[in-house]
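Heads up, the thing below is written out as structure tokens.
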Amino acid sequence: MANPLKLYLTCIRNTLEAAMCLQNFPCQEVERHNKPEVELKTSPELLLNPVLICRNEAEKCLIETSINSLRISLKVKQADELENILAKKFLRFLSMRAEAFQVLRRKPVQGYDISFLITNYHCEEMQKQKLIDFIVQFMEDIDKEISELKMSVSTRGRLVASEFLKQFL
Amino acid sequence: MMAGAEKFVEADNAEAIITRIEHKSRKIESLLKQNKPVEALKTALEGSPPMTRDERCKSANWIAVHRALMAIKDVEGMFSSLDPEYYDILMKYLYRGLSTGDRPTCDQCLRIHEKLTERAGLGCILRSLADTVNTV
């Protein structure tokens with residue numbers, strides 16, 4: 001099962017390495033403004049083809065690039081209701097603290113669980129390879145975190161239930 | 001708005017292109033029966049109609065390419081006999097396959113994508129991202 005995951009991450013890593021070629025580009029419509037073009041999508045000549053990489057029906061990754069910014073949206077695997085709730089809460093927790101992450105977007109794109117917005121300024125301050133490593137590592141860690149959370153919830157539930165039912169023995 | 005030339009391609013050639021693609025699919029089926037998946041893939045990639053905006057032509061061609069792609073078992077062997085001129089168009093079709101979300105298609109496409117990137121490099125990926133005119 002790990003092998004398809006590794007292929008999926010390799011594909012995303014290669015696509016990001018190719019797509020993360022960002023340069024400064026001041027806004028064409030308004031003077032002295034500098035906006036991430038991938039968010040506005042006003043000029044088609046500044047946008048590249050968006051790429052959707054699906055691992056299966058549940059997990060996918062949308063990578064949209066433009067001349068000065070790159071947006072990555074992820075949908076994580078949610079096998080059952082519990083994982084659904086845990087993923088939603090956990091990713092909302094992270095998105096609220098987007099300032100600390102710098103490259104995280106406060107709201108995920110419609111249809112996805114979490115989004116990253118990388119601009120040319122991020123590429124100037126930070127190393128491109130490290131940014132890509134961060135994103136791929138993030139994807140691996142999310143799965144682990146959610147399984148850990150799920151296990152701790154079930155363990156706690158079991159303990160609480162057994163303690164509670166002891167009084168009826 | 002589309003230029004006049006595009007409309008010409010649409011109306012007259014769409015039917016011609018679809019007939020050509022059907023002809024190609026029959027050839028691909030026969031090649032697959034003879035156990036030659038690489039030849040089938042080459043045939044499928046060859047006549048790719050790049051300059052049409054017609055969705056039906058693109059879908060018809062994608063179905064043919066998909067059939068050939070899923071029949072490939074030996075990825076390394078395929079690359080040793082595939083010419084480099086097909087790498088770019090193959091990459092575009094791989095991304096189309098990855099966007100479908102269908103598990104076996106995605107598994108196959110991910111496998112081929114990794115090997116193709118090793119062979120063709122990041123330039124191949126960037127060309128498929130940047131080419132907004134000839135999409136598949």
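Please note that chains go A, B, ... in the order of the structure tokens, that every chain numbers its residues from 1, and that ligands are numbered from 1 in the order shown.
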Check: which chain B residues lie within 12 Å of chain A using only C-alpha atoms, as a count of residues only: 45
Nearby residues (only C-alpha atoms) at most 7 Å from range 60-70 of chain B, same-chain spacing under 6 positions excluded, as a ChimeraX atom specification: /B:21,25,37,40-41,44-45,48,105,108
Please write the residues from the selection above to a file, keeping all heavy atoms, as an mmCIF file, in the first residue's frame.
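Contents of the output file again10.cif:
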data_model
loop_
_atom_site.group_PDB
_atom_site.id
_atom_site.type_symbol
_atom_site.label_atom_id
_atom_site.label_comp_id
_atom_site.auth_asym_id
_atom_site.auth_seq_id
_atom_site.Cartn_x
_atom_site.Cartn_y
_atom_site.Cartn_z
ATOM 1 N N ILE B 21 -10.213 8.743 -36.263
ATOM 2 C CA ILE B 21 -9.936 8.179 -34.935
ATOM 3 C C ILE B 21 -10.555 6.793 -34.808
ATOM 4 O O ILE B 21 -9.961 5.873 -34.237
ATOM 5 C CB ILE B 21 -10.471 9.115 -33.837
ATOM 6 C CG1 ILE B 21 -9.686 10.415 -33.833
ATOM 7 C CG2 ILE B 21 -10.348 8.467 -32.472
ATOM 8 C CD1 ILE B 21 -10.220 11.426 -32.871
ATOM 9 N N SER B 25 -8.728 3.356 -33.935
ATOM 10 C CA SER B 25 -9.063 2.466 -32.816
ATOM 11 C C SER B 25 -9.112 1.026 -33.276
ATOM 12 O O SER B 25 -8.687 0.131 -32.554
ATOM 13 C CB SER B 25 -10.410 2.794 -32.190
ATOM 14 O OG SER B 25 -10.626 4.135 -32.152
ATOM 15 N N PRO B 37 1.663 -3.917 -27.405
ATOM 16 C CA PRO B 37 1.087 -2.716 -26.784
ATOM 17 C C PRO B 37 1.841 -1.442 -27.135
ATOM 18 O O PRO B 37 1.229 -0.374 -27.234
ATOM 19 C CB PRO B 37 1.178 -3.009 -25.282
ATOM 20 C CG PRO B 37 2.197 -4.068 -25.148
ATOM 21 C CD PRO B 37 2.190 -4.862 -26.407
ATOM 22 N N ALA B 40 0.711 -0.165 -30.417
ATOM 23 C CA ALA B 40 -0.635 0.383 -30.267
ATOM 24 C C ALA B 40 -0.576 1.787 -29.695
ATOM 25 O O ALA B 40 -1.268 2.698 -30.154
ATOM 26 C CB ALA B 40 -1.464 -0.516 -29.350
ATOM 27 N N LEU B 41 0.301 1.986 -28.683
ATOM 28 C CA LEU B 41 0.414 3.309 -28.077
ATOM 29 C C LEU B 41 0.938 4.314 -29.094
ATOM 30 O O LEU B 41 0.447 5.443 -29.176
ATOM 31 C CB LEU B 41 1.342 3.241 -26.860
ATOM 32 C CG LEU B 41 1.440 4.529 -26.052
ATOM 33 C CD1 LEU B 41 0.074 4.931 -25.542
ATOM 34 C CD2 LEU B 41 2.391 4.357 -24.891
ATOM 35 N N ALA B 44 -1.774 5.322 -31.365
ATOM 36 C CA ALA B 44 -2.744 6.180 -30.688
ATOM 37 C C ALA B 44 -2.223 7.603 -30.554
ATOM 38 O O ALA B 44 -2.960 8.567 -30.747
ATOM 39 C CB ALA B 44 -3.064 5.617 -29.310
ATOM 40 N N LEU B 45 -0.916 7.743 -30.258
ATOM 41 C CA LEU B 45 -0.372 9.079 -30.031
ATOM 42 C C LEU B 45 -0.118 9.823 -31.330
ATOM 43 O O LEU B 45 -0.103 11.042 -31.367
ATOM 44 C CB LEU B 45 0.950 8.974 -29.254
ATOM 45 C CG LEU B 45 0.870 8.465 -27.826
ATOM 46 C CD1 LEU B 45 2.261 8.333 -27.249
ATOM 47 C CD2 LEU B 45 0.069 9.407 -26.970
ATOM 48 N N SER B 48 -2.743 12.408 -33.083
ATOM 49 C CA SER B 48 -3.479 13.244 -32.124
ATOM 50 C C SER B 48 -3.873 14.559 -32.752
ATOM 51 O O SER B 48 -3.020 15.303 -33.217
ATOM 52 C CB SER B 48 -2.613 13.538 -30.910
ATOM 53 O OG SER B 48 -2.412 12.371 -30.196
ATOM 54 N N THR B 105 -6.708 3.435 -13.720
ATOM 55 C CA THR B 105 -6.110 4.413 -14.635
ATOM 56 C C THR B 105 -5.047 5.222 -13.917
ATOM 57 O O THR B 105 -3.936 5.412 -14.421
ATOM 58 C CB THR B 105 -7.175 5.381 -15.173
ATOM 59 O OG1 THR B 105 -8.318 4.665 -15.535
ATOM 60 C CG2 THR B 105 -6.653 6.175 -16.336
ATOM 61 N N GLN B 108 -1.830 3.253 -13.170
ATOM 62 C CA GLN B 108 -1.018 3.079 -14.375
ATOM 63 C C GLN B 108 -0.351 4.393 -14.767
ATOM 64 O O GLN B 108 0.844 4.435 -15.065
ATOM 65 C CB GLN B 108 -1.923 2.561 -15.508
ATOM 66 C CG GLN B 108 -1.212 2.310 -16.795
ATOM 67 C CD GLN B 108 -0.460 0.993 -16.795
ATOM 68 O OE1 GLN B 108 -0.065 0.478 -15.760
ATOM 69 N NE2 GLN B 108 -0.236 0.448 -17.969
#
Sel. of helix (DSSP H, G or I) residues, chain B, as JSON, numbers by chain: {"B": [4, 5, 6, 7, 8, 9, 10, 11, 12, 13, 14, 15, 16, 17, 18, 19, 20, 21, 22, 23, 24, 25, 26, 27, 28, 29, 30, 31, 32, 33, 37, 38, 39, 40, 41, 42, 43, 44, 45, 46, 55, 56, 57, 58, 59, 60, 61, 62, 63, 64, 65, 66, 67, 68, 69, 70, 75, 76, 77, 78, 79, 80, 81, 84, 85, 86, 87, 88, 89, 90, 91, 92, 93, 94, 95, 96, 97, 98, 99, 100, 103, 104, 105, 106, 107, 108, 109, 110, 111, 112, 113, 114, 115, 116, 117, 118, 119, 120, 122, 123, 124, 125, 126, 127, 128, 129, 130]}
Ile85 in chain A surroundings by only C-alpha atoms, 12 Å radius, close-in-sequence under 5 positions cut, as JSON, numbers by chain: {"A": [77, 78, 79, 80, 90, 91, 92, 113, 146, 149, 150, 153]}
Output N, CA and C atoms for every residue in that selection, as a compact mmCIF listing (two decimals), in the first residue's frame.
# COMPACT_ATOMS: atom_id res chain seq x y z
N LYS A 77 -7.63 11.69 2.35
CA LYS A 77 -8.45 10.48 2.38
C LYS A 77 -9.31 10.48 3.63
N GLN A 78 -10.60 10.26 3.47
CA GLN A 78 -11.50 10.18 4.62
C GLN A 78 -12.34 8.93 4.47
N ALA A 79 -11.95 7.89 5.23
CA ALA A 79 -12.58 6.58 5.02
C ALA A 79 -13.97 6.51 5.62
N ASP A 80 -14.17 7.05 6.83
CA ASP A 80 -15.49 6.96 7.45
C ASP A 80 -15.86 8.28 8.08
N PHE A 90 -9.15 19.18 12.28
CA PHE A 90 -7.70 19.34 12.32
C PHE A 90 -7.23 20.35 11.28
N LEU A 91 -7.76 20.22 10.04
CA LEU A 91 -7.31 21.12 8.98
C LEU A 91 -7.82 22.54 9.20
N ARG A 92 -9.00 22.67 9.84
CA ARG A 92 -9.50 24.00 10.14
C ARG A 92 -8.60 24.66 11.18
N ASP A 113 -9.83 20.12 0.88
CA ASP A 113 -9.75 20.24 2.34
C ASP A 113 -8.79 21.31 2.80
N ILE A 146 -3.95 11.96 11.24
CA ILE A 146 -5.38 11.63 11.33
C ILE A 146 -5.57 10.21 11.83
N LEU A 149 -4.99 10.38 15.56
CA LEU A 149 -6.13 11.00 16.24
C LEU A 149 -7.27 10.00 16.36
N LYS A 150 -7.52 9.29 15.27
CA LYS A 150 -8.62 8.33 15.26
C LYS A 150 -8.39 7.24 16.30
N VAL A 153 -8.94 8.62 19.77
CA VAL A 153 -10.37 8.79 20.06
C VAL A 153 -11.00 7.46 20.41
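Interatomic distance, CA of Phe116 in chain A against CA of Phe134 in chain A: 11.1 Å.
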Point-to-point distance in Å for CA of Gln102 in chain A and CA of Lys130 in chain A: 13.6 Å
Strand (DSSP E) residues, from DSSP on the backbone, in chain A, as a PyMOL selection string: chain A and resi 51-54+60-65+69-75+114-119
Nearest to Glu148 in chain A by atom-to-atom distance, counting only C-alpha atoms, from A:Glu83, A:Leu94, A:Asn68, A:Pro36: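 Nearest candidate to Glu148 in chain A out of A:Glu83, A:Leu94, A:Asn68, A:Pro36: A:Glu83.
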